[in-house]
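What follows is the content of work31.tsv, which has TSV, C-alpha atoms and all ligand atoms:
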chain	number	residue	atom	x	y	z
A	1	MET	CA	86.09	98.59	108.27
A	2	VAL	CA	87.34	100.46	105.20
A	3	ARG	CA	88.14	98.74	101.92
A	4	LEU	CA	89.37	100.24	98.70
A	5	GLU	CA	88.56	97.71	96.00
A	6	SER	CA	90.47	97.89	92.72
A	7	LEU	CA	90.13	101.63	92.89
A	8	SER	CA	91.26	103.88	90.05
A	9	PHE	CA	91.21	107.64	90.28
A	10	ALA	CA	92.55	110.40	88.04
A	11	TYR	CA	91.93	114.12	87.89
A	12	ALA	CA	90.77	115.24	84.44
A	13	ASP	CA	93.47	114.94	81.77
A	14	GLN	CA	96.12	113.70	84.21
A	15	ILE	CA	97.84	110.39	84.78
A	16	PRO	CA	95.97	108.29	87.34
A	17	ILE	CA	96.90	108.82	90.98
A	18	PHE	CA	95.54	105.39	91.92
A	19	GLN	CA	95.23	102.48	89.54
A	20	ASP	CA	93.66	99.17	90.51
A	21	PHE	CA	94.53	100.01	94.12
A	22	THR	CA	93.27	97.66	96.84
A	23	TRP	CA	93.80	98.47	100.50
A	24	GLU	CA	92.07	97.65	103.78
A	25	VAL	CA	91.80	99.32	107.19
A	26	GLN	CA	90.59	97.31	110.18
A	27	ARG	CA	88.36	98.94	112.81
A	28	GLY	CA	90.43	100.50	115.58
A	29	ASP	CA	93.62	100.66	113.49
A	30	THR	CA	95.84	103.73	113.42
A	31	TRP	CA	97.31	104.36	109.97
A	32	ALA	CA	99.75	106.98	108.82
A	33	ILE	CA	99.80	107.75	105.10
A	34	LEU	CA	103.25	108.90	104.13
A	35	GLY	CA	104.58	110.18	100.85
A	36	PRO	CA	106.09	113.16	99.10
A	37	SER	CA	104.07	116.20	98.14
A	38	GLY	CA	101.80	115.55	95.17
A	39	CYS	CA	101.69	111.74	95.48
A	40	GLY	CA	97.95	111.67	96.28
A	41	LYS	CA	97.67	111.63	100.08
A	42	SER	CA	94.94	114.28	100.30
A	43	THR	CA	93.16	112.72	97.34
A	44	LEU	CA	93.06	109.39	99.19
A	45	LEU	CA	91.50	111.07	102.25
A	46	TYR	CA	88.88	112.79	100.08
A	47	LEU	CA	88.04	109.44	98.48
A	48	LEU	CA	87.64	107.92	101.97
A	49	ALA	CA	85.51	110.89	103.03
A	50	GLY	CA	83.16	110.57	100.04
A	51	LEU	CA	84.16	113.96	98.66
A	52	ARG	CA	85.78	112.49	95.53
A	53	PHE	CA	84.73	109.40	93.62
A	54	PRO	CA	86.78	106.82	91.76
A	55	GLN	CA	86.42	106.23	88.02
A	56	ALA	CA	86.66	102.49	88.68
A	57	GLY	CA	86.45	100.29	91.77
A	58	GLN	CA	84.92	101.46	95.02
A	59	VAL	CA	85.39	102.61	98.59
A	60	LEU	CA	83.51	100.47	101.08
A	61	ILE	CA	82.97	101.39	104.73
A	62	ASP	CA	81.33	98.69	106.81
A	63	GLU	CA	80.56	96.97	103.51
A	64	GLN	CA	78.60	100.01	102.25
A	65	ALA	CA	79.82	101.61	99.03
A	66	ILE	CA	80.49	105.29	99.68
A	67	THR	CA	78.41	107.53	97.44
A	68	ARG	CA	78.40	110.66	99.59
A	69	PRO	CA	79.97	111.87	102.86
A	70	ARG	CA	79.14	109.62	105.77
A	71	PRO	CA	77.94	111.26	109.04
A	72	HIS	CA	80.23	109.17	111.25
A	73	THR	CA	83.37	109.99	109.32
A	74	GLY	CA	85.24	112.99	110.76
A	75	LEU	CA	87.57	114.92	108.48
A	76	ILE	CA	90.09	117.50	109.67
A	77	ILE	CA	91.51	119.30	106.68
A	78	GLN	CA	94.81	121.13	106.33
A	79	GLU	CA	94.70	124.57	108.02
A	80	TYR	CA	91.83	123.44	110.27
A	81	GLY	CA	88.89	125.01	108.42
A	82	LEU	CA	87.73	127.22	111.32
A	83	LEU	CA	85.36	130.13	110.72
A	84	PRO	CA	87.34	133.27	111.57
A	85	TRP	CA	84.26	135.26	112.61
A	86	ALA	CA	83.01	132.62	115.08
A	87	THR	CA	84.31	131.96	118.59
A	88	VAL	CA	85.91	128.71	119.68
A	89	ARG	CA	82.60	127.52	121.17
A	90	GLU	CA	80.64	128.51	118.07
A	91	ASN	CA	83.18	126.78	115.84
A	92	ALA	CA	82.96	123.67	117.99
A	93	ARG	CA	79.14	123.73	117.64
A	94	LEU	CA	79.32	124.09	113.88
A	95	GLY	CA	79.28	120.36	113.23
A	96	PHE	CA	76.06	120.05	115.23
A	97	ARG	CA	74.50	122.91	113.32
A	98	ILE	CA	75.41	121.33	109.99
A	99	ARG	CA	74.15	117.96	111.16
A	100	GLY	CA	71.04	119.78	112.36
A	101	PHE	CA	70.56	120.94	108.78
A	102	TYR	CA	71.16	117.61	107.06
A	103	GLY	CA	70.00	115.29	109.83
A	104	PRO	CA	71.80	112.42	111.52
A	105	ASP	CA	71.60	110.23	108.42
A	106	GLY	CA	73.09	112.99	106.26
A	107	THR	CA	69.96	113.46	104.15
A	108	HIS	CA	66.99	114.51	106.25
A	109	ALA	CA	66.42	117.45	108.52
A	110	PRO	CA	66.41	116.26	112.12
A	111	THR	CA	63.84	116.86	114.78
A	112	ASP	CA	66.00	117.77	117.76
A	113	ASP	CA	68.95	119.99	118.45
A	114	LEU	CA	71.88	118.72	120.48
A	115	PRO	CA	72.70	120.42	123.78
A	116	SER	CA	75.73	122.68	123.85
A	117	GLY	CA	76.82	120.90	127.04
A	118	ASP	CA	78.35	118.19	124.84
A	119	VAL	CA	80.49	120.77	123.14
A	120	ASP	CA	81.70	122.21	126.43
A	121	GLN	CA	82.69	118.74	127.55
A	122	TRP	CA	84.92	118.49	124.49
A	123	LEU	CA	86.29	121.99	124.98
A	124	ASN	CA	87.17	120.93	128.52
A	125	ARG	CA	88.86	117.69	127.38
A	126	LEU	CA	90.93	119.70	124.90
A	127	ARG	CA	91.75	122.37	127.50
A	128	LEU	CA	89.89	125.04	125.53
A	129	LEU	CA	87.25	126.15	128.02
A	130	PRO	CA	89.29	129.20	129.08
A	131	HIS	CA	89.41	130.19	125.39
A	132	ALA	CA	85.81	129.36	124.48
A	133	ASP	CA	84.84	132.95	123.75
A	134	LYS	CA	87.93	133.85	121.71
A	135	TYR	CA	88.11	133.99	117.92
A	136	PRO	CA	90.51	131.84	115.89
A	137	GLY	CA	92.69	134.89	115.20
A	138	GLN	CA	93.31	135.17	118.95
A	139	LEU	CA	94.52	131.57	119.29
A	140	SER	CA	97.85	129.83	118.85
A	141	GLY	CA	98.19	127.23	116.10
A	142	GLY	CA	97.91	124.42	118.63
A	143	GLN	CA	94.72	125.90	120.13
A	144	ARG	CA	93.21	126.24	116.64
A	145	GLN	CA	94.00	122.64	115.87
A	146	ARG	CA	92.48	121.57	119.20
A	147	THR	CA	89.33	123.54	118.31
A	148	ALA	CA	89.11	121.68	114.99
A	149	ILE	CA	89.54	118.38	116.86
A	150	ALA	CA	86.85	119.33	119.43
A	151	ARG	CA	84.41	120.22	116.66
A	152	THR	CA	84.98	116.91	114.93
A	153	LEU	CA	84.99	114.65	118.00
A	154	ALA	CA	81.83	116.26	119.39
A	155	LEU	CA	80.04	114.52	116.53
A	156	LYS	CA	81.23	111.12	117.79
A	157	PRO	CA	82.91	109.86	114.64
A	158	ASP	CA	84.05	106.24	114.41
A	159	LEU	CA	86.47	107.03	111.57
A	160	LEU	CA	88.71	110.08	111.85
A	161	LEU	CA	90.65	111.35	108.85
A	162	MET	CA	93.33	114.02	109.41
A	163	ASP	CA	95.27	115.77	106.63
A	164	GLU	CA	98.73	116.91	107.77
A	165	PRO	CA	97.18	118.13	111.04
A	166	PHE	CA	100.34	119.24	112.79
A	167	SER	CA	102.55	120.42	109.94
A	168	SER	CA	102.37	124.11	110.74
A	169	LEU	CA	102.97	123.75	114.50
A	170	ASP	CA	106.22	124.22	116.40
A	171	ALA	CA	107.94	121.03	117.58
A	172	PRO	CA	106.82	120.95	121.26
A	173	THR	CA	103.19	121.77	120.33
A	174	ARG	CA	103.27	119.14	117.61
A	175	GLU	CA	104.61	116.53	120.00
A	176	GLY	CA	101.91	117.37	122.56
A	177	LEU	CA	99.15	117.08	119.96
A	178	GLN	CA	100.53	113.80	118.62
A	179	ILE	CA	100.29	112.35	122.13
A	180	LEU	CA	96.81	113.83	122.64
A	181	THR	CA	95.61	112.40	119.32
A	182	LEU	CA	96.76	108.91	120.28
A	183	GLU	CA	95.05	109.26	123.68
A	184	LEU	CA	91.79	110.34	122.03
A	185	GLN	CA	92.04	107.51	119.50
A	186	ALA	CA	92.15	105.01	122.39
A	187	GLU	CA	89.47	106.75	124.49
A	188	GLU	CA	86.99	107.07	121.62
A	189	HIS	CA	87.83	103.74	119.93
A	190	LEU	CA	88.52	105.63	116.74
A	191	THR	CA	89.79	104.22	113.51
A	192	LEU	CA	92.37	106.83	112.61
A	193	VAL	CA	93.95	107.70	109.26
A	194	ILE	CA	96.50	110.51	109.42
A	195	VAL	CA	98.24	111.95	106.38
A	196	THR	CA	101.75	113.26	106.85
A	197	HIS	CA	104.75	114.05	104.69
A	198	THR	CA	107.09	113.66	107.68
A	199	ILE	CA	108.82	110.33	108.26
A	200	GLU	CA	109.24	110.95	112.00
A	201	GLU	CA	105.55	111.75	112.42
A	202	ALA	CA	104.44	108.66	110.50
A	203	ALA	CA	106.66	106.53	112.76
A	204	ILE	CA	105.23	108.10	115.94
A	205	LEU	CA	101.57	107.87	114.94
A	206	GLY	CA	101.05	104.97	112.58
A	207	LYS	CA	100.82	101.42	113.87
A	208	LYS	CA	100.63	100.80	110.17
A	209	ILE	CA	102.17	103.04	107.57
A	210	LEU	CA	100.98	103.24	103.96
A	211	LEU	CA	103.71	104.54	101.69
A	212	LEU	CA	102.56	106.35	98.59
A	213	GLY	CA	104.90	107.36	95.78
A	214	GLU	CA	104.94	108.93	92.35
A	215	PRO	CA	101.56	108.31	90.70
A	216	PRO	CA	100.18	105.99	89.62
A	217	ASN	CA	100.02	104.12	92.93
A	218	THR	CA	99.10	100.52	92.18
A	219	THR	CA	100.14	98.08	94.93
A	220	PRO	CA	100.01	99.47	98.47
A	221	ARG	CA	103.31	99.41	100.30
A	222	VAL	CA	102.55	98.82	103.99
A	223	ILE	CA	105.02	98.92	106.87
A	224	ASP	CA	104.09	97.53	110.29
A	225	ASN	CA	105.10	99.70	113.22
A	226	PRO	CA	103.40	97.97	116.16
A	227	LYS	CA	105.21	99.93	118.88
A	228	ALA	CA	103.74	103.27	117.74
A	229	GLY	CA	101.86	104.84	120.63
A	230	ILE	CA	103.85	103.09	123.35
A	231	SER	CA	105.24	105.68	125.75
A	232	ASP	CA	108.83	106.69	125.14
A	233	TYR	CA	108.92	104.95	121.72
A	234	ARG	CA	110.21	108.29	120.39
A	235	ASN	CA	113.44	107.81	122.34
A	236	SER	CA	114.00	104.15	121.48
A	237	ALA	CA	116.54	102.62	119.12
A	238	GLU	CA	113.63	100.83	117.40
A	239	TYR	CA	112.05	104.16	116.52
A	240	THR	CA	115.31	105.45	115.04
A	241	ALA	CA	115.62	102.22	113.03
A	242	MET	CA	112.01	102.56	111.83
A	243	CYS	CA	112.70	106.11	110.60
A	244	ARG	CA	115.78	104.84	108.78
A	245	ASP	CA	113.77	102.03	107.15
A	246	LEU	CA	111.10	104.47	106.06
A	247	ARG	CA	113.70	106.82	104.63
A	248	ASP	CA	115.26	103.92	102.73
A	249	SER	CA	111.85	102.83	101.45
A	250	MET	CA	111.21	106.34	100.19
A	251	ASP	CA	114.63	106.36	98.54
A	252	LEU	CA	115.87	109.36	100.47
A	253	PRO	CA	119.42	109.90	101.72
A	254	THR	CA	119.98	108.80	105.33
A	255	ARG	CA	121.11	111.60	107.59
A	256	ASN	CA	123.44	111.15	110.52
A	257	PRO	CA	123.47	110.67	113.40
A	258	VAL	CA	119.77	111.01	114.39
A	259	PRO	CA	116.88	112.05	112.17
A	260	SER	CA	115.69	115.55	112.99
A	261	PRO	CA	112.03	115.96	113.99
A	262	GLU	CA	111.60	118.16	110.94
A	263	GLY	CA	112.53	115.42	108.45
A	264	ARG	CA	111.19	116.13	105.01
A	265	ALA	CA	109.55	113.78	102.63
A	301	LIG	P1	99.37	115.30	98.33
A	301	LIG	O1	98.29	115.52	99.33
A	301	LIG	O2	100.06	113.98	98.48
A	301	LIG	O3	100.37	116.42	98.29
A	301	LIG	P2	97.23	115.59	96.39
A	301	LIG	O4	96.34	114.43	96.64
A	301	LIG	O5	96.80	116.91	96.90
A	301	LIG	O6	98.71	115.24	96.87
A	301	LIG	O7	97.45	115.75	94.81
A	301	LIG	C1	97.90	114.68	94.00
A	301	LIG	C2	98.11	115.20	92.57
A	301	LIG	O8	96.87	115.61	92.03
A	301	LIG	C3	99.02	116.42	92.50
A	301	LIG	O9	99.79	116.33	91.32
A	301	LIG	C4	98.06	117.56	92.43
A	301	LIG	O10	98.63	118.65	91.73
A	301	LIG	C5	96.91	116.96	91.65
A	301	LIG	N1	95.62	117.57	92.05
A	301	LIG	C6	95.16	117.73	93.31
A	301	LIG	N2	93.94	118.27	93.33
A	301	LIG	C7	93.62	118.47	92.02
A	301	LIG	C8	92.46	118.99	91.36
A	301	LIG	N3	91.40	119.44	92.04
A	301	LIG	N4	92.49	119.04	90.00
A	301	LIG	C9	93.54	118.58	89.30
A	301	LIG	N5	94.65	118.07	89.88
A	301	LIG	C10	94.69	118.01	91.20
A	302	MG	MG	97.95	117.12	100.66
Once you've parsed the file, please lay out its structure as structure tokens.
Amino acid sequence: MVRLESLSFAYADQIPIFQDFTWEVQRGDTWAILGPSGCGKSTLLYLLAGLRFPQAGQVLIDEQAITRPRPHTGLIIQEYGLLPWATVRENARLGFRIRGFYGPDGTHAPTDDLPSGDVDQWLNRLRLLPHADKYPGQLSGGQRQRTAIARTLALKPDLLLMDEPFSSLDAPTREGLQILTLELQAEEHLTLVIVTHTIEEAAILGKKILLLGEPPNTTPRVIDNPKAGISDYRNSAEYTAMCRDLRDSMDLPTRNPVPSPEGRA
């Protein structure tokens, strides 16, 4: 579904972050992108989202070269991007309003507005209906993140990009949202790409894990993790072994006896 073809990208006057980088995502896959701070994870998401453009090579989605943001790609940025002066319901409707402005094809003004009932259905699925009239400042971190997810999923994306979505949440909330995200991925047949700097989170979420390192990234390093998403994987010996392998691949010291859920990249 997504193909990066011989892609090279550098910010002005810096060494390239990607150089002749080729990588492919199949429809319905769940990928975690793992790497230390500054290795280019967010940059990769912005390239996929059509918010940054390579100097060489291209990003193809469904064989179309990406030249601007694509309406069916959902992007959830770090810190959620909610409007502080709008309620949960208004925030969740924001995507519709923006699409209303640009039109369903991303270029033309549309003719019809979408009913708010669709938004309430998403608020209900994300257990936000009781909070629909609150403002982001009145919500917990988990509720804010669920609002950002509702806003994005209401637009029926087929590709969902998430940038460190759970990094500022406490451990039980994070675990709950990881499970919810995998449920929604299956329900909505999403192709999911989640950026994380946490080994344990990559191992929980990514059926495939792309390891990025010190720029320039040239050849993708991919680790298969087919049991991700299976219930109770978190408590299995295979999961612990996967975390150890990832830590070794990232050249980090192994900690004993069990990796903490707060592992750092
Ligand atoms: P990550 O998300 O993995 O932490 P980023 O993709 O945000 O990394 O950044 C990769 C590198 O590019 C970092 O060294 C960062 O400082 C640099 N960088 C990010 N955004 C910009 C920008 N707008 N202009 C110049 N350099 C940038
Ligand atoms: Mg980042």
Please produce, as a tab-separated table, a per-residue contact table for chain A versus ligand MG 302 (chain A) (criterion: any atom at most 8 Å away, only C-alpha atoms and all ligand atoms considered), showing the nearest atom pair and its distance in Å to one decimal, sorted by chain then residue number.
residue	atom	partner	partner_atom	distance
A:Ser37	CA	A:MG302	MG	6.7
A:Gly38	CA	A:MG302	MG	6.9
A:Gly40	CA	A:MG302	MG	7.0
A:Lys41	CA	A:MG302	MG	5.5
A:Ser42	CA	A:MG302	MG	4.2
A:Thr43	CA	A:MG302	MG	7.3
A:Gln78	CA	A:MG302	MG	7.6
A:Asp163	CA	A:MG302	MG	6.7
A:Glu164	CA	A:MG302	MG	7.2
A:Val195	CA	A:MG302	MG	7.7
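Interatomic distance, CA of Tyr11 (chain A) against CA of Glu214 (chain A): 14.7 Å.
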At a cut-off of 12 Å around ligand LIG 301 (chain A), and using only C-alpha atoms and all ligand atoms, what residues come up? Please write them as a ChimeraX atom specification.
/A:9-18,33-47,51-52,77-78,162-164,194-198,211-217,265
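CA of Arg70 (chain A) is positioned 18.4 Å from CA of Ala150 (chain A).
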